[in-house]
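What follows is work_31.cif (mmCIF, C-alpha atoms).
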```
data_query
#
loop_
_atom_site.label_atom_id
_atom_site.label_comp_id
_atom_site.auth_asym_id
_atom_site.auth_seq_id
_atom_site.Cartn_x
_atom_site.Cartn_y
_atom_site.Cartn_z
CA MET A 6 51.67 65.64 14.09
CA LYS A 7 52.32 69.17 15.25
CA LYS A 8 55.30 70.01 17.37
CA ALA A 9 54.86 69.59 21.12
CA LYS A 10 54.67 72.78 23.12
CA HIS A 11 55.27 73.21 26.85
CA GLU A 12 53.09 75.44 29.03
CA ASN A 13 53.09 75.45 32.84
CA ILE A 14 49.31 75.35 33.33
CA VAL A 15 46.55 74.58 30.81
CA VAL A 16 42.90 75.29 31.63
CA CYS A 17 40.51 73.08 29.67
CA GLY A 18 37.13 74.76 29.30
CA THR A 19 36.27 78.19 27.95
CA GLY A 20 33.01 78.94 29.71
CA LEU A 21 32.67 81.08 32.85
CA ALA A 22 34.75 78.76 35.06
CA GLY A 23 37.58 78.28 32.57
CA LEU A 24 37.87 81.96 31.70
CA ALA A 25 37.84 83.00 35.37
CA THR A 26 40.45 80.36 36.25
CA ALA A 27 42.83 81.41 33.48
CA LEU A 28 42.38 85.07 34.35
CA GLY A 29 42.96 84.49 38.07
CA LEU A 30 46.15 82.53 37.40
CA ALA A 31 47.45 85.10 34.91
CA LYS A 32 46.83 87.97 37.33
CA ALA A 33 48.76 85.99 39.97
CA GLY A 34 51.75 85.91 37.61
CA LEU A 35 51.46 82.24 36.65
CA SER A 36 52.01 80.94 33.11
CA VAL A 37 48.67 79.72 31.78
CA ALA A 38 46.91 78.86 28.53
CA LEU A 39 43.28 78.16 27.66
CA LEU A 40 42.14 75.11 25.71
CA GLY A 41 38.71 75.04 24.11
CA PRO A 42 36.49 76.66 21.47
CA ARG A 43 35.99 80.42 21.35
CA ASN A 44 32.32 81.06 22.06
CA ALA A 45 30.77 84.05 20.33
CA SER A 46 29.93 86.75 22.87
CA ALA A 47 28.36 89.74 21.14
CA THR A 48 26.87 92.68 23.03
CA PRO A 49 23.13 91.94 23.32
CA ALA A 50 20.30 94.27 22.35
CA PRO A 51 19.09 96.47 25.25
CA ASP A 52 15.91 94.48 26.03
CA VAL A 53 17.26 91.02 25.18
CA TYR A 54 18.59 89.03 28.15
CA HIS A 55 20.54 85.79 28.36
CA PRO A 56 18.23 82.92 29.44
CA ARG A 57 20.49 81.90 32.32
CA VAL A 58 21.24 84.22 35.22
CA TYR A 59 23.24 83.79 38.43
CA ALA A 60 22.91 85.18 41.94
CA ILE A 61 26.42 86.44 42.65
CA SER A 62 27.28 86.58 46.37
CA GLY A 63 29.22 89.39 48.01
CA ALA A 64 32.34 87.22 48.24
CA SER A 65 32.11 86.29 44.55
CA GLN A 66 31.47 89.91 43.58
CA ALA A 67 34.64 90.93 45.45
CA PHE A 68 36.63 88.19 43.67
CA LEU A 69 35.33 89.27 40.25
CA ALA A 70 36.22 92.86 41.14
CA ARG A 71 39.79 91.81 41.99
CA LEU A 72 39.99 90.07 38.62
CA GLY A 73 39.00 93.36 36.99
CA VAL A 74 35.86 91.80 35.53
CA TRP A 75 33.09 93.38 37.62
CA ASP A 76 33.72 96.88 36.26
CA LEU A 77 33.69 95.58 32.67
CA MET A 78 30.05 94.52 33.00
CA ASP A 79 27.20 96.84 32.08
CA THR A 80 25.75 98.07 35.39
CA ARG A 81 22.38 98.59 33.68
CA ARG A 82 22.16 94.81 33.29
CA ILE A 83 23.00 93.98 36.93
CA THR A 84 20.30 93.96 39.61
CA PRO A 85 21.12 94.07 43.34
CA VAL A 86 18.98 91.84 45.56
CA GLN A 87 18.07 93.93 48.60
CA ALA A 88 15.66 91.42 50.16
CA MET A 89 14.51 87.81 49.99
CA GLU A 90 11.20 86.15 50.78
CA VAL A 91 11.21 82.40 51.28
CA HIS A 92 7.76 80.79 51.51
CA GLY A 93 7.10 77.30 52.83
CA ASP A 94 4.24 75.11 51.66
CA ALA A 95 1.92 76.28 54.45
CA SER A 96 2.20 79.34 56.70
CA GLY A 97 6.00 79.34 57.00
CA VAL A 98 7.86 82.36 55.64
CA VAL A 99 11.30 83.91 56.19
CA ASN A 100 12.01 87.53 55.22
CA LEU A 101 15.62 88.66 54.85
CA ASP A 102 16.82 92.22 54.22
CA ALA A 103 20.39 93.26 53.41
CA TRP A 104 20.31 96.02 56.02
CA GLN A 105 19.71 93.44 58.77
CA GLY A 106 23.19 92.06 58.10
CA ALA A 107 24.80 95.44 57.33
CA GLU A 108 25.31 94.28 53.73
CA ALA A 109 25.13 96.41 50.58
CA ALA A 110 23.10 93.63 48.95
CA LEU A 111 22.30 89.98 49.55
CA ALA A 112 23.42 89.17 46.02
CA TRP A 113 23.54 90.57 42.48
CA ILE A 114 21.62 89.01 39.60
CA VAL A 115 23.88 88.84 36.54
CA GLU A 116 23.38 87.20 33.14
CA SER A 117 25.67 84.36 32.17
CA GLY A 118 26.24 86.01 28.78
CA GLU A 119 27.24 89.35 30.30
CA MET A 120 29.79 87.70 32.61
CA GLU A 121 31.21 85.65 29.76
CA ARG A 122 31.54 88.75 27.57
CA ALA A 123 33.44 90.61 30.31
CA LEU A 124 35.69 87.62 31.06
CA GLN A 125 36.56 87.17 27.38
CA GLN A 126 37.44 90.85 27.16
CA ALA A 127 39.72 90.58 30.22
CA VAL A 128 41.39 87.41 28.93
CA GLN A 129 42.08 89.13 25.63
CA PHE A 130 43.46 92.19 27.41
CA PHE A 131 45.91 90.04 29.39
CA GLY A 132 47.06 88.29 26.23
CA ILE A 133 46.42 84.80 27.61
CA THR A 134 47.27 82.10 25.07
CA TRP A 135 44.10 80.48 23.76
CA HIS A 136 44.22 77.17 21.88
CA ALA A 137 40.81 77.10 20.16
CA GLU A 138 40.82 73.32 19.92
CA LYS A 139 39.10 70.45 21.70
CA PHE A 140 40.66 68.27 24.39
CA GLU A 141 40.87 64.72 23.09
CA ARG A 142 42.88 62.57 25.52
CA LEU A 143 45.63 62.33 28.13
CA GLU A 144 48.65 60.13 27.53
CA GLY A 145 51.51 60.01 29.99
CA GLY A 146 50.69 63.50 31.25
CA ALA A 147 50.55 64.93 27.72
CA ILE A 148 47.39 66.58 26.39
CA HIS A 149 46.35 65.65 22.87
CA THR A 150 43.88 67.90 21.03
CA ASP A 151 41.60 67.17 18.11
CA THR A 152 44.02 68.93 15.73
CA GLY A 153 46.99 66.82 16.72
CA ARG A 154 48.57 69.43 18.97
CA VAL A 155 50.42 68.02 22.01
CA LEU A 156 50.72 70.09 25.21
CA ARG A 157 52.87 69.06 28.16
CA PRO A 158 51.95 71.31 31.10
CA GLU A 159 52.83 70.79 34.74
CA LEU A 160 49.12 71.06 35.57
CA LEU A 161 45.90 70.51 33.64
CA ILE A 162 42.83 72.16 35.16
CA GLY A 163 39.45 70.75 34.20
CA ALA A 164 36.91 73.57 34.06
CA ASP A 165 34.94 71.77 31.39
CA GLY A 166 31.52 71.28 32.99
CA GLY A 167 29.47 68.51 34.52
CA GLN A 168 30.38 65.94 31.85
CA SER A 169 34.11 66.88 32.16
CA PRO A 170 36.22 64.94 29.62
CA VAL A 171 39.28 65.90 31.70
CA ARG A 172 37.82 64.24 34.81
CA LYS A 173 37.10 61.07 32.86
CA ALA A 174 40.51 61.01 31.17
CA ALA A 175 42.32 61.48 34.50
CA GLY A 176 40.28 58.73 36.18
CA ILE A 177 39.21 61.00 39.04
CA SER A 178 36.53 59.35 41.17
CA HIS A 179 33.11 60.87 40.71
CA HIS A 180 29.69 60.25 42.27
CA SER A 181 26.45 61.44 40.72
CA ARG A 182 22.79 61.13 41.70
CA ALA A 183 19.93 62.44 39.59
CA TYR A 184 17.16 64.22 41.51
CA GLY A 185 14.55 63.24 38.96
CA ASP A 186 13.82 66.96 38.66
CA THR A 187 14.28 69.48 35.88
CA GLY A 188 15.19 73.14 36.24
CA VAL A 189 12.96 75.22 33.97
CA VAL A 190 14.09 78.78 33.21
CA THR A 191 12.61 81.77 31.42
CA HIS A 192 12.10 85.51 31.93
CA LEU A 193 8.74 86.98 32.90
CA THR A 194 7.10 90.37 32.61
CA THR A 195 5.38 91.26 35.89
CA GLU A 196 2.47 93.55 36.64
CA ARG A 197 4.03 94.81 39.87
CA ARG A 198 7.56 96.01 40.62
CA HIS A 199 9.85 93.43 42.18
CA GLN A 200 11.42 96.11 44.44
CA ASN A 201 14.78 94.28 44.24
CA THR A 202 13.33 91.34 46.14
CA ALA A 203 13.95 87.69 45.28
CA VAL A 204 10.96 85.47 46.11
CA GLN A 205 11.03 81.70 46.52
CA TRP A 206 8.25 79.17 47.08
CA PHE A 207 8.72 75.60 48.33
CA THR A 208 5.61 73.67 47.32
CA GLY A 209 6.54 70.11 48.24
CA ASP A 210 7.50 68.68 44.84
CA THR A 211 8.62 71.97 43.25
CA VAL A 212 10.80 74.94 44.13
CA LEU A 213 9.98 78.20 42.35
CA ALA A 214 12.22 81.28 42.44
CA LEU A 215 11.61 84.68 40.86
CA LEU A 216 14.77 86.79 40.68
CA PRO A 217 14.73 90.57 40.12
CA MET A 218 15.91 91.78 36.72
CA PRO A 219 16.14 95.21 35.04
CA ASP A 220 12.96 96.78 33.75
CA THR A 221 12.40 96.62 29.98
CA ALA A 222 10.34 98.54 27.47
CA ALA A 223 7.66 95.87 27.98
CA GLY A 224 7.52 96.47 31.74
CA HIS A 225 8.94 95.04 34.95
CA GLN A 226 10.96 91.83 34.65
CA VAL A 227 12.01 88.83 36.73
CA SER A 228 13.91 85.66 35.90
CA MET A 229 12.14 82.40 36.72
CA VAL A 230 13.92 79.26 37.92
CA TRP A 231 11.41 76.49 38.60
CA SER A 232 12.66 73.11 39.80
CA MET A 233 9.93 70.56 39.07
CA PRO A 234 9.53 66.78 38.64
CA GLU A 235 10.68 65.45 35.27
CA THR A 236 7.17 64.36 34.31
CA MET A 237 5.83 67.88 34.88
CA ALA A 238 8.72 69.46 32.97
CA GLN A 239 8.38 66.98 30.10
CA ALA A 240 4.70 67.92 29.71
CA LEU A 241 5.81 71.55 29.32
CA LEU A 242 8.90 71.07 27.16
CA ALA A 243 7.12 68.64 24.80
CA LEU A 244 4.85 71.49 23.72
CA PRO A 245 5.70 73.66 20.71
CA SER A 246 7.61 76.78 21.80
CA GLU A 247 4.66 79.07 21.13
CA GLU A 248 2.36 77.03 23.45
CA ARG A 249 4.63 76.92 26.50
CA ALA A 250 3.55 80.32 27.82
CA SER A 251 -0.11 79.30 27.98
CA TRP A 252 0.88 76.19 29.98
CA LEU A 253 3.14 78.11 32.39
CA GLU A 254 1.22 81.28 33.12
CA PRO A 255 -1.84 79.85 34.94
CA ARG A 256 0.40 77.54 36.99
CA LEU A 257 2.63 80.49 37.91
CA ALA A 258 -0.42 82.48 39.00
CA ALA A 259 -1.50 79.63 41.28
CA ALA A 260 1.98 79.07 42.72
CA THR A 261 2.72 82.75 43.44
CA GLY A 262 -0.70 83.77 44.68
CA GLY A 263 -0.48 87.02 42.72
CA ARG A 264 2.59 88.18 44.67
CA LEU A 265 3.82 90.18 41.62
CA GLY A 266 0.45 90.51 39.92
CA ALA A 267 -0.13 89.08 36.46
CA LEU A 268 2.87 87.23 35.00
CA SER A 269 3.56 86.73 31.31
CA VAL A 270 6.36 84.76 29.65
CA ARG A 271 8.63 87.06 27.63
CA SER A 272 11.47 84.77 26.48
CA PRO A 273 12.07 81.17 25.33
CA VAL A 274 11.57 78.41 27.91
CA PHE A 275 14.46 76.00 28.58
CA GLY A 276 14.98 73.01 30.87
CA PHE A 277 18.00 71.20 32.29
CA PRO A 278 18.21 68.03 34.47
CA LEU A 279 19.27 68.42 38.10
CA PHE A 280 21.98 66.35 39.82
CA ILE A 281 23.96 66.24 43.04
CA GLU A 282 27.57 65.35 42.28
CA HIS A 283 30.97 65.35 43.94
CA SER A 284 34.45 64.13 43.08
CA SER A 285 37.87 63.75 44.67
CA MET A 286 38.83 66.90 42.69
CA VAL A 287 42.53 66.17 42.08
CA ALA A 288 44.98 63.64 40.66
CA PRO A 289 48.71 64.00 39.95
CA GLY A 290 48.98 66.82 37.44
CA VAL A 291 45.21 67.43 37.30
CA ALA A 292 42.76 69.60 39.28
CA LEU A 293 39.04 70.18 38.78
CA VAL A 294 37.02 73.31 39.45
CA SER A 295 33.32 74.24 39.47
CA ASP A 296 30.83 71.87 37.78
CA ALA A 297 33.60 69.50 36.72
CA ALA A 298 34.27 68.92 40.44
CA HIS A 299 30.77 69.15 41.96
CA ARG A 300 27.17 70.14 41.36
CA VAL A 301 24.45 70.99 43.87
CA HIS A 302 20.71 71.61 43.70
CA PRO A 303 20.05 75.18 42.44
CA LEU A 304 17.47 75.96 45.16
CA ALA A 305 20.02 78.12 47.02
CA GLY A 306 21.47 79.66 43.84
CA GLN A 307 25.01 78.92 45.00
CA GLY A 308 26.45 76.71 42.25
CA LEU A 309 28.55 79.37 40.50
CA ASN A 310 29.56 80.94 43.82
CA LEU A 311 30.88 77.55 44.91
CA GLY A 312 32.82 77.27 41.65
CA LEU A 313 34.32 80.74 42.01
CA GLY A 314 35.38 79.73 45.51
CA ASP A 315 37.24 76.77 43.98
CA ILE A 316 39.04 79.06 41.55
CA GLU A 317 40.03 81.56 44.23
CA ALA A 318 41.35 78.77 46.49
CA LEU A 319 43.30 77.10 43.67
CA VAL A 320 44.92 80.38 42.63
CA ASP A 321 45.91 81.02 46.26
CA VAL A 322 47.40 77.53 46.69
CA LEU A 323 49.38 77.66 43.45
CA SER A 324 50.63 81.18 44.20
CA ALA A 325 51.88 80.09 47.64
CA LYS A 326 53.50 76.77 46.65
CA GLU A 327 57.19 76.14 47.27
CA SER A 328 59.39 77.05 44.31
CA PHE A 329 60.86 73.54 44.15
CA ARG A 330 57.43 71.93 43.65
CA SER A 331 55.66 71.85 40.29
CA ALA A 332 52.11 73.12 39.90
CA GLY A 333 50.96 69.52 39.34
CA ASP A 334 52.61 68.09 42.48
CA ILE A 335 49.90 66.05 44.24
CA ARG A 336 51.07 67.45 47.61
CA VAL A 337 50.28 70.94 46.35
CA LEU A 338 46.95 69.89 44.87
CA ALA A 339 45.99 68.11 48.11
CA ARG A 340 46.13 71.52 49.83
CA TYR A 341 43.56 72.79 47.37
CA ARG A 342 41.32 69.78 47.99
CA ARG A 343 41.53 70.29 51.78
CA ALA A 344 40.77 74.01 51.44
CA ARG A 345 37.56 73.25 49.55
CA ALA A 346 36.40 70.17 51.46
CA GLU A 347 34.41 71.96 54.19
CA PRO A 348 32.54 74.59 52.10
CA ILE A 349 31.63 72.05 49.40
CA LEU A 350 30.38 69.52 51.94
CA ALA A 351 28.43 72.19 53.82
CA MET A 352 26.69 73.37 50.66
CA ARG A 353 25.99 69.84 49.49
CA LEU A 354 24.41 68.91 52.83
CA ALA A 355 22.43 72.16 53.05
CA THR A 356 20.92 72.03 49.55
CA ASP A 357 20.29 68.28 49.54
CA GLY A 358 18.86 68.47 53.06
CA LEU A 359 16.47 71.28 52.14
CA HIS A 360 15.36 69.39 49.05
CA LYS A 361 14.60 66.27 51.10
CA LEU A 362 12.94 68.28 53.89
CA PHE A 363 10.45 69.95 51.57
CA ALA A 364 9.93 66.87 49.38
CA SER A 365 8.45 64.99 52.35
CA GLN A 366 4.67 65.31 52.75
CA ALA A 367 4.49 63.55 56.13
CA ALA A 368 2.24 65.71 58.33
CA PRO A 369 4.70 66.07 61.27
CA ILE A 370 7.48 67.19 58.91
CA VAL A 371 5.21 69.65 57.09
CA LEU A 372 4.25 71.17 60.45
CA ALA A 373 7.82 71.22 61.77
CA ARG A 374 9.37 72.90 58.72
CA ASN A 375 6.77 75.66 58.57
CA VAL A 376 6.90 76.31 62.32
CA GLY A 377 10.69 76.36 62.02
CA MET A 378 10.48 79.01 59.30
CA GLN A 379 8.15 81.12 61.45
CA CYS A 380 10.58 80.90 64.38
CA ALA A 381 13.58 81.79 62.19
CA ASP A 382 11.70 84.83 60.90
CA ARG A 383 11.34 86.13 64.47
CA LEU A 384 14.96 85.62 65.57
CA PRO A 385 17.35 88.43 64.50
CA PHE A 386 20.54 86.43 65.15
CA VAL A 387 19.28 83.58 62.93
CA LYS A 388 18.50 86.09 60.19
CA ARG A 389 22.00 87.53 60.43
CA LEU A 390 23.48 84.06 59.98
CA LEU A 391 21.29 83.43 56.94
CA ILE A 392 22.13 86.82 55.45
CA ASN A 393 25.85 86.24 55.99
CA ALA A 394 25.60 82.87 54.23
CA ALA A 395 23.59 84.36 51.33
CA ALA A 396 26.17 87.12 50.88
CA GLY A 397 29.03 84.59 50.91
CA GLY A 398 30.53 85.76 54.20
CA ARG A 399 32.28 82.41 54.49
CA ARG A 400 34.09 81.91 51.17
CA GLY A 401 32.52 79.28 48.97
CA VAL A 402 29.26 79.10 50.89
#
```
Write the structure described by the file as structure tokens, please.
Amino acid sequence: MKKAKHENIVVCGTGLAGLATALGLAKAGLSVALLGPRNASATPAPDVYHPRVYAISGASQAFLARLGVWDLMDTRRITPVQAMEVHGDASGVVNLDAWQGAEAALAWIVESGEMERALQQAVQFFGITWHAEKFERLEGGAIHTDTGRVLRPELLIGADGGQSPVRKAAGISHHSRAYGDTGVVTHLTTERRHQNTAVQWFTGDTVLALLPMPDTAAGHQVSMVWSMPETMAQALLALPSEERASWLEPRLAAATGGRLGALSVRSPVFGFPLFIEHSSMVAPGVALVSDAAHRVHPLAGQGLNLGLGDIEALVDVLSAKESFRSAGDIRVLARYRRARAEPILAMRLATDGLHKLFASQAAPIVLARNVGMQCADRLPFVKRLLINAAAGGRRGV
């Protein structure tokens, strides 16, 4: 067995959440190491885009800028969202413009791969220790890896995704409910320009979003995120890859009503199951962030923003702790849990509530939700509230 090594804080997970957590702690002057495999992150070809994209709120953009990551990303691959259209399943529609809330943008659409590349570059620049091994188990507060290494930090942070081995090993309570839906993602070439507008359609049993992306040599481009029942998604994903476009394109034309003209699939089609999850987030010597701590429905596009809010709050709490307390002191970690309780609950209730509201086909509810959207579209103060929430005016939401 290899010799035990002491480090103050170990972050388990080397995706977006883990990299951002380690970088935030290092920039705050805290001793931190990463634990997990090194994922290859090569610079992509000009017209090749990562299949997964995120809508980064203003608050998250500011946090990434403070980490020094925002300026490392290729601006040609980032698209500001200047406006949003949200369509109900009848006549209801809400139009939001950044200028109505005196915002530079409602959000920025960024590829997962581009963010990961920039974060890896920043982590390397800061010289953060990286143990390219897998977490195996916890024993008496000690971390054991698959190579036999033993780490004894004051605090272990689980940033290791929805299945979080750290959460399971620490025995942190966790509640999960499957929606019975699948999120289907791909990129589309559009006949018409998106004009930096994100468009979303609630159709009862599905939620379709088209997010603006940079133009390519093939034409204008959007990213599609379509939440649909598992049976519908299975019919699509069971097809050979080359047949999925012919299944999707006529259904997209019907769902969008030609809003962006003809749509054609330009990248592989992927699907992932959707859950609503929450946990108690902390235990003595252990804290969870991002998907390891909670997951929400992607209809509001706020999952990563919520996770970055966790990271920012945890860095603040650990930076401000009393010198006589360790980073893993449960009294310190309880402050982090309290700081995140309200924004996480608010987002969970909002996304789950919207999903249930539009899933119901009862005539009075259909009428009420569409009339409500029409009223909201006519009330400037309501629009300002929605714009502020979309831009992340209240951290974590």
Review point. Nearest to Leu28 in chain A: which of A:Val155, A:Val16, A:Met218, A:Ala203 is it, counting only C-alpha atoms?
Key: A:Val16
Check your understanding: Could you write out as a VMD selection string the residues that the PyMOL selection byres ((chain A and resi 142-146) around 9) matches in the shown file?
Key -> chain A and resid 140 to 141 147 to 151 156 to 161 170 to 171 174 to 175 289 to 290
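Nearest residue to Ser324 in chain A among A:Ser284, A:Asn44, A:Ser36, A:Thr19 is A:Ser36, counting only C-alpha atoms.
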**Study point:** Given only C-alpha atoms as the counted atoms, nearest of A:Thr211, A:Val58, A:Thr221, A:Thr194 to Arg81 in chain A
**Key:** A:Thr221
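Among A:Leu216, A:Met352, A:Ala267, A:Ala298, the residue with the shortest atom-to-atom distance to Glu116 in chain A, counting all atoms listed in the file, is A:Leu216.
Here CA of Ser285 in chain A and CA of Ile335 in chain A stand 12.3 Å from one another.
Residue nearest Gln200 in chain A, chosen from A:Ala107, A:Ala351, A:Met78, A:Val227 and counting all atoms listed in the file: A:Val227.
Between CA of Leu35 in chain A and CA of Glu317 in chain A there is a distance of 13.7 Å.
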Check your understanding: Could you name the residues that touch Ala60 in chain A at 10 Å or less, counting only C-alpha atoms, but leaving out those on the same chain fewer than 5 positions away, as a PyMOL selection string?
Key -> chain A and resi 65-66+84-86+111-116+203+216-217+305-310+395-396
Point to revise | Thr187 in chain A environment, 7 Å, all atoms listed in the file, sequence neighbours closer than 4 positions dropped, as a ChimeraX atom specification | key: /A:232-235,238,276-279
**Study point:** Selection under test: the PyMOL selection byres ((chain A and resi 322) around 8); residues as a PyMOL selection string
**Key:** chain A and resi 318-321+323-326+337-338+340-341
As JSON, what would the box around range 351-356 of chain A look like: edges along x, y and z, 3 Å added on every side, centre and edge lengths in Å to one decimal?
```
{"center_x": 24.7, "center_y": 71.1, "center_z": 51.7, "size_x": 13.5, "size_y": 10.5, "size_z": 10.3}
```
Exercise for review: Convert the output of the PyMOL selection byres ((chain A and resi 118-128) around 8) on the shown file into explicit residues, formatted as a ChimeraX atom specification.
Suggested key: /A:20-21,24-25,27-28,46-48,55,57,73-75,77-79,115-117,129-133
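Counting all atoms listed in the file, the residue from A:Ser328, A:Thr236, A:Gln205, A:Ser269 that sits nearest to Val99 in chain A is A:Gln205.
In this model, the gap between CA of Ala103 in chain A and CA of His199 in chain A comes to 15.4 Å.
Those DNA, RNA and protein residues that approach the point (22.0, 66.7, 44.3) to within 10 Å, considering all atoms listed in the file, are Ser181, Arg182, Ala183, Tyr184, Gly185, Asp186, Leu279, Phe280, Ile281, Glu282, His283, His299, Arg300, Val301, His302, Pro303, Arg353, Leu354, Thr356, Asp357, Gly358 and His360 of chain A.
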